[in-house]
Structure formats: C-alpha cells, structure tokens
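Visitor: Got a structure for you, start-v3.cif, holding mmCIF, C-alpha atoms and all ligand atoms.
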```cif
data_start
#
loop_
_atom_site.label_atom_id
_atom_site.label_comp_id
_atom_site.auth_asym_id
_atom_site.auth_seq_id
_atom_site.Cartn_x
_atom_site.Cartn_y
_atom_site.Cartn_z
CA MET I 1 -158.92 38.71 175.07
CA LYS I 2 -159.76 39.63 171.54
CA LYS I 3 -163.08 38.69 170.12
CA GLN I 4 -163.19 35.61 167.90
CA ILE I 5 -164.47 37.66 164.99
CA GLU I 6 -161.38 39.88 165.17
CA LEU I 7 -159.10 36.84 165.23
CA LEU I 8 -160.91 35.43 162.22
CA ARG I 9 -160.48 38.73 160.39
CA GLU I 10 -156.75 38.66 161.16
CA LEU I 11 -156.57 35.11 159.88
CA GLU I 12 -158.34 36.03 156.67
CA GLU I 13 -155.99 38.94 156.12
CA LEU I 14 -152.95 36.69 156.54
CA ASP I 15 -154.49 34.16 154.15
CA LEU I 16 -155.03 36.91 151.59
CA MET I 17 -151.41 38.01 151.93
CA LEU I 18 -150.21 34.47 151.30
CA LYS I 19 -152.53 34.12 148.34
CA ASP I 20 -151.32 37.44 146.95
CA LEU I 21 -147.66 36.59 147.35
CA SER I 22 -148.06 33.37 145.42
CA SER I 23 -150.38 34.67 142.71
CA PRO I 24 -149.26 35.20 139.10
CA GLN I 25 -150.71 38.74 139.21
CA TYR I 26 -148.29 39.65 141.95
CA LYS I 27 -145.41 38.77 139.65
CA LYS I 28 -147.12 40.37 136.67
CA ILE I 29 -147.30 43.78 138.29
CA GLY I 30 -143.56 43.75 138.56
CA PHE I 31 -142.80 42.23 141.92
CA LYS I 32 -140.30 39.47 141.69
CA THR I 33 -140.25 36.49 143.97
CA SER I 34 -137.22 37.39 145.94
CA LYS I 35 -135.67 36.07 149.08
CA GLN I 36 -137.57 38.78 150.95
CA SER I 37 -140.92 37.53 149.73
CA LEU I 38 -140.02 34.03 150.85
CA ASP I 39 -138.98 35.42 154.22
CA ILE I 40 -142.24 37.27 154.65
CA MET I 41 -144.17 34.17 153.65
CA HIS I 42 -142.48 32.26 156.45
CA ILE I 43 -143.23 35.03 158.92
CA ILE I 44 -146.87 35.14 157.86
CA GLU I 45 -147.13 31.37 158.04
CA ARG I 46 -145.75 31.34 161.59
CA ARG I 47 -148.10 34.12 162.66
CA ARG I 48 -150.96 32.21 161.10
CA GLN I 49 -150.16 29.06 163.07
CA LYS I 50 -150.03 31.04 166.31
CA LEU I 51 -153.29 32.78 165.54
CA LYS I 52 -155.07 29.53 164.73
CA LYS I 53 -154.38 28.28 168.25
CA LYS I 54 -156.38 31.17 169.70
CA ILE I 55 -159.44 30.48 167.57
CA ASP I 56 -162.22 28.17 168.67
CA PRO I 57 -161.70 24.89 166.71
CA LYS I 58 -165.35 24.83 165.68
CA LEU I 59 -165.08 28.29 164.17
CA LEU I 60 -161.81 27.39 162.53
CA ALA I 61 -163.39 24.35 160.89
CA GLU I 62 -166.22 26.55 159.67
CA TYR I 63 -163.69 29.07 158.38
CA GLU I 64 -161.84 26.39 156.40
CA ARG I 65 -165.13 25.13 155.00
CA ILE I 66 -166.05 28.59 153.70
CA VAL I 67 -162.56 29.11 152.24
CA LYS I 68 -162.97 25.87 150.29
CA ARG I 69 -166.38 26.90 149.07
CA TYR I 70 -165.77 30.52 148.11
CA GLY I 71 -162.00 30.86 147.92
CA ALA I 72 -162.02 34.14 149.77
CA ARG I 73 -164.24 36.63 151.56
CA VAL I 74 -164.97 34.38 154.47
CA LEU I 75 -165.93 37.34 156.60
CA VAL I 76 -168.19 39.89 155.08
CA GLN I 77 -169.44 43.21 156.24
CA ALA I 78 -173.16 43.44 156.77
CA VAL I 79 -174.52 46.56 155.13
CA LYS I 80 -177.44 47.62 157.26
CA GLU I 81 -179.68 44.55 157.22
CA PHE I 82 -178.06 42.96 154.16
CA CYS I 83 -175.31 40.37 153.86
CA GLY I 84 -172.31 41.89 152.06
CA GLY I 85 -171.42 38.52 150.56
CA CYS I 86 -174.63 37.35 148.89
CA TYR I 87 -176.71 40.52 149.34
CA VAL I 88 -179.78 38.89 150.79
CA LYS I 89 -181.72 40.52 153.58
CA LEU I 90 -180.77 39.16 156.98
CA PRO I 91 -183.28 38.08 159.64
CA ALA I 92 -184.59 41.03 161.65
CA GLU I 93 -183.44 39.53 164.96
CA PHE I 94 -179.79 39.79 163.83
CA ALA I 95 -179.94 43.50 164.71
CA THR I 96 -180.18 42.63 168.39
CA ARG I 97 -178.20 39.37 168.37
CA ARG I 98 -175.17 40.91 166.66
CA ALA I 99 -174.02 42.63 169.84
CA SER I 100 -173.50 39.37 171.71
CA GLU I 101 -173.11 36.67 169.08
CA LEU I 102 -170.97 35.76 166.15
CA LEU I 103 -173.47 35.51 163.33
CA ILE I 104 -173.40 33.60 160.09
CA CYS I 105 -175.43 34.50 157.02
CA PRO I 106 -178.23 31.93 156.72
CA ASN I 107 -178.01 32.12 152.93
CA CYS I 108 -174.30 31.95 152.04
CA GLY I 109 -172.87 30.78 155.37
CA ARG I 110 -170.23 33.51 155.67
CA PHE I 111 -169.28 35.16 158.95
CA LEU I 112 -170.83 38.57 159.34
CA TYR I 113 -169.48 41.69 160.99
CA TRP I 114 -170.84 45.17 161.38
CA VAL I 115 -168.81 48.33 161.31
CA SER I 116 -171.37 50.64 162.77
ZN ZN S 201 -174.78 35.90 152.69
#
```
The structure given in the file should be rewritten as structure tokens.
Ligand SMILES: [Zn+2]
Guide:
Amino acid sequence: MKKQIELLRELEELDLMLKDLSSPQYKKIGFKTSKQSLDIMHIIERRRQKLKKKIDPKLLAEYERIVKRYGARVLVQAVKEFCGGCYVKLPAEFATRRASELLICPNCGRFLYWVS
C-alpha cells in the first residue's frame, strides 16, 4: 500500500490540474476549452474520487482545510530543517520523526515531505 503522503501528493496534483483547466490563464495562453478538456476533467474527477477513498478521512479533512486556507500548496517540501511553505525552522525532533510519521508544519499547518 502506498503511503498516505504519496496519496495526498497525487490528490494535490489532480486538484492543480482541475484548477488549471478551469483557470482564465489556461485559456489566455491559447488553449481553448474543447470537448477534450471536458473529457479530461471528467477523467480527473473520477480518479480524484477513487483516490479520496484510499486516504484516511482525518487527513482528508485536514487537506480540505488547508486548501481552503491557502488555495494551493497543501504539501510542501521541507528544505533541510525549514518548512518550504512558510520558511520557518522546524523542530529539531522532526529529523528523526519524519521517517515514521506524517508531519505537519507547526507554523503554517501544511503537510511536509522530504526528498532526501
Ligand atoms: Zn510552514
């Protein structure tokens, strides 16, 4: 089974795609809302619904809360010991806890992930 953080990242990516497809900028850069873009929106929406079922409801509620608050960037990459969302220094114990826990920035409340 995939880790919850990976599922949340997938969910955020799908949300960004949907946001992109319906944004005025998307049309401005020359893409027209065509039947294809409606088709892909339906496909993304279906995938999103399926994905949501695999995510812990508590985490999902937290995810929705952060989306409402910040609009995007629900999951942020931690850069060394700093939060990549609000740039504050994270508690020192996160370095050891990150291997086994899904951590949330104590300052901005976003989900954190590490790439190295
Ligand atoms: Zn933060």
Visitor: With ligand ZN 201 (chain S) as the partner and 12 Å as the cut-off, tabulate the residues of chain I that qualify, each row holding the nearest pair of atoms and their distance in Å to one decimal, using only C-alpha atoms and all ligand atoms, sorted by chain and rising number, as JSON lines.
Guide:
```
{"residue": "I:Ile66", "atom": "CA", "partner": "S:ZN201", "partner_atom": "ZN", "distance": 11.4}
{"residue": "I:Tyr70", "atom": "CA", "partner": "S:ZN201", "partner_atom": "ZN", "distance": 11.4}
{"residue": "I:Arg73", "atom": "CA", "partner": "S:ZN201", "partner_atom": "ZN", "distance": 10.6}
{"residue": "I:Val74", "atom": "CA", "partner": "S:ZN201", "partner_atom": "ZN", "distance": 10.1}
{"residue": "I:Leu75", "atom": "CA", "partner": "S:ZN201", "partner_atom": "ZN", "distance": 9.8}
{"residue": "I:Val76", "atom": "CA", "partner": "S:ZN201", "partner_atom": "ZN", "distance": 8.1}
{"residue": "I:Gln77", "atom": "CA", "partner": "S:ZN201", "partner_atom": "ZN", "distance": 9.7}
{"residue": "I:Ala78", "atom": "CA", "partner": "S:ZN201", "partner_atom": "ZN", "distance": 8.7}
{"residue": "I:Val79", "atom": "CA", "partner": "S:ZN201", "partner_atom": "ZN", "distance": 10.9}
{"residue": "I:Glu81", "atom": "CA", "partner": "S:ZN201", "partner_atom": "ZN", "distance": 10.9}
{"residue": "I:Phe82", "atom": "CA", "partner": "S:ZN201", "partner_atom": "ZN", "distance": 7.9}
{"residue": "I:Cys83", "atom": "CA", "partner": "S:ZN201", "partner_atom": "ZN", "distance": 4.7}
{"residue": "I:Gly84", "atom": "CA", "partner": "S:ZN201", "partner_atom": "ZN", "distance": 6.5}
{"residue": "I:Gly85", "atom": "CA", "partner": "S:ZN201", "partner_atom": "ZN", "distance": 4.8}
{"residue": "I:Cys86", "atom": "CA", "partner": "S:ZN201", "partner_atom": "ZN", "distance": 4.1}
{"residue": "I:Tyr87", "atom": "CA", "partner": "S:ZN201", "partner_atom": "ZN", "distance": 6.0}
{"residue": "I:Val88", "atom": "CA", "partner": "S:ZN201", "partner_atom": "ZN", "distance": 6.1}
{"residue": "I:Lys89", "atom": "CA", "partner": "S:ZN201", "partner_atom": "ZN", "distance": 8.4}
{"residue": "I:Leu90", "atom": "CA", "partner": "S:ZN201", "partner_atom": "ZN", "distance": 8.1}
{"residue": "I:Pro91", "atom": "CA", "partner": "S:ZN201", "partner_atom": "ZN", "distance": 11.2}
{"residue": "I:Leu103", "atom": "CA", "partner": "S:ZN201", "partner_atom": "ZN", "distance": 10.7}
{"residue": "I:Ile104", "atom": "CA", "partner": "S:ZN201", "partner_atom": "ZN", "distance": 7.9}
{"residue": "I:Cys105", "atom": "CA", "partner": "S:ZN201", "partner_atom": "ZN", "distance": 4.6}
{"residue": "I:Pro106", "atom": "CA", "partner": "S:ZN201", "partner_atom": "ZN", "distance": 6.6}
{"residue": "I:Asn107", "atom": "CA", "partner": "S:ZN201", "partner_atom": "ZN", "distance": 5.0}
{"residue": "I:Cys108", "atom": "CA", "partner": "S:ZN201", "partner_atom": "ZN", "distance": 4.0}
{"residue": "I:Gly109", "atom": "CA", "partner": "S:ZN201", "partner_atom": "ZN", "distance": 6.1}
{"residue": "I:Arg110", "atom": "CA", "partner": "S:ZN201", "partner_atom": "ZN", "distance": 5.9}
{"residue": "I:Phe111", "atom": "CA", "partner": "S:ZN201", "partner_atom": "ZN", "distance": 8.4}
{"residue": "I:Leu112", "atom": "CA", "partner": "S:ZN201", "partner_atom": "ZN", "distance": 8.2}
{"residue": "I:Tyr113", "atom": "CA", "partner": "S:ZN201", "partner_atom": "ZN", "distance": 11.4}
```
Visitor: Within 10 Å of Glu10 in chain I, counting all atoms listed in the file, which residues qualify if same-chain residues fewer than 6 places away don't, as number ranges by chain?
Guide: I: 4, 16, 47-48, 51-52
Visitor: How many Å lie between CA of Ile43 in chain I and CA of Leu11 in chain I, rounded to one decimal?
Guide: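 Rounded to one decimal, the two atoms are 13.4 Å apart.
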Visitor: Distance CA of Leu38 in chain I-CA of Ser23 in chain I, one decimal place?
Guide: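 So the answer is 13.2 Å.
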Visitor: Do a neighbour search on Leu59 in chain I at 10 Å with all atoms listed in the file, toss out local chain neighbours closer than 4 positions, and write the hits as a PyMOL selection string.
Guide: chain I and resi 4-5+8+55+63-65+102+111
Visitor: So what do you get for CA of Glu93 in chain I versus CA of Arg9 in chain I, distance-wise?
Guide: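 It comes out at 23.4 Å.
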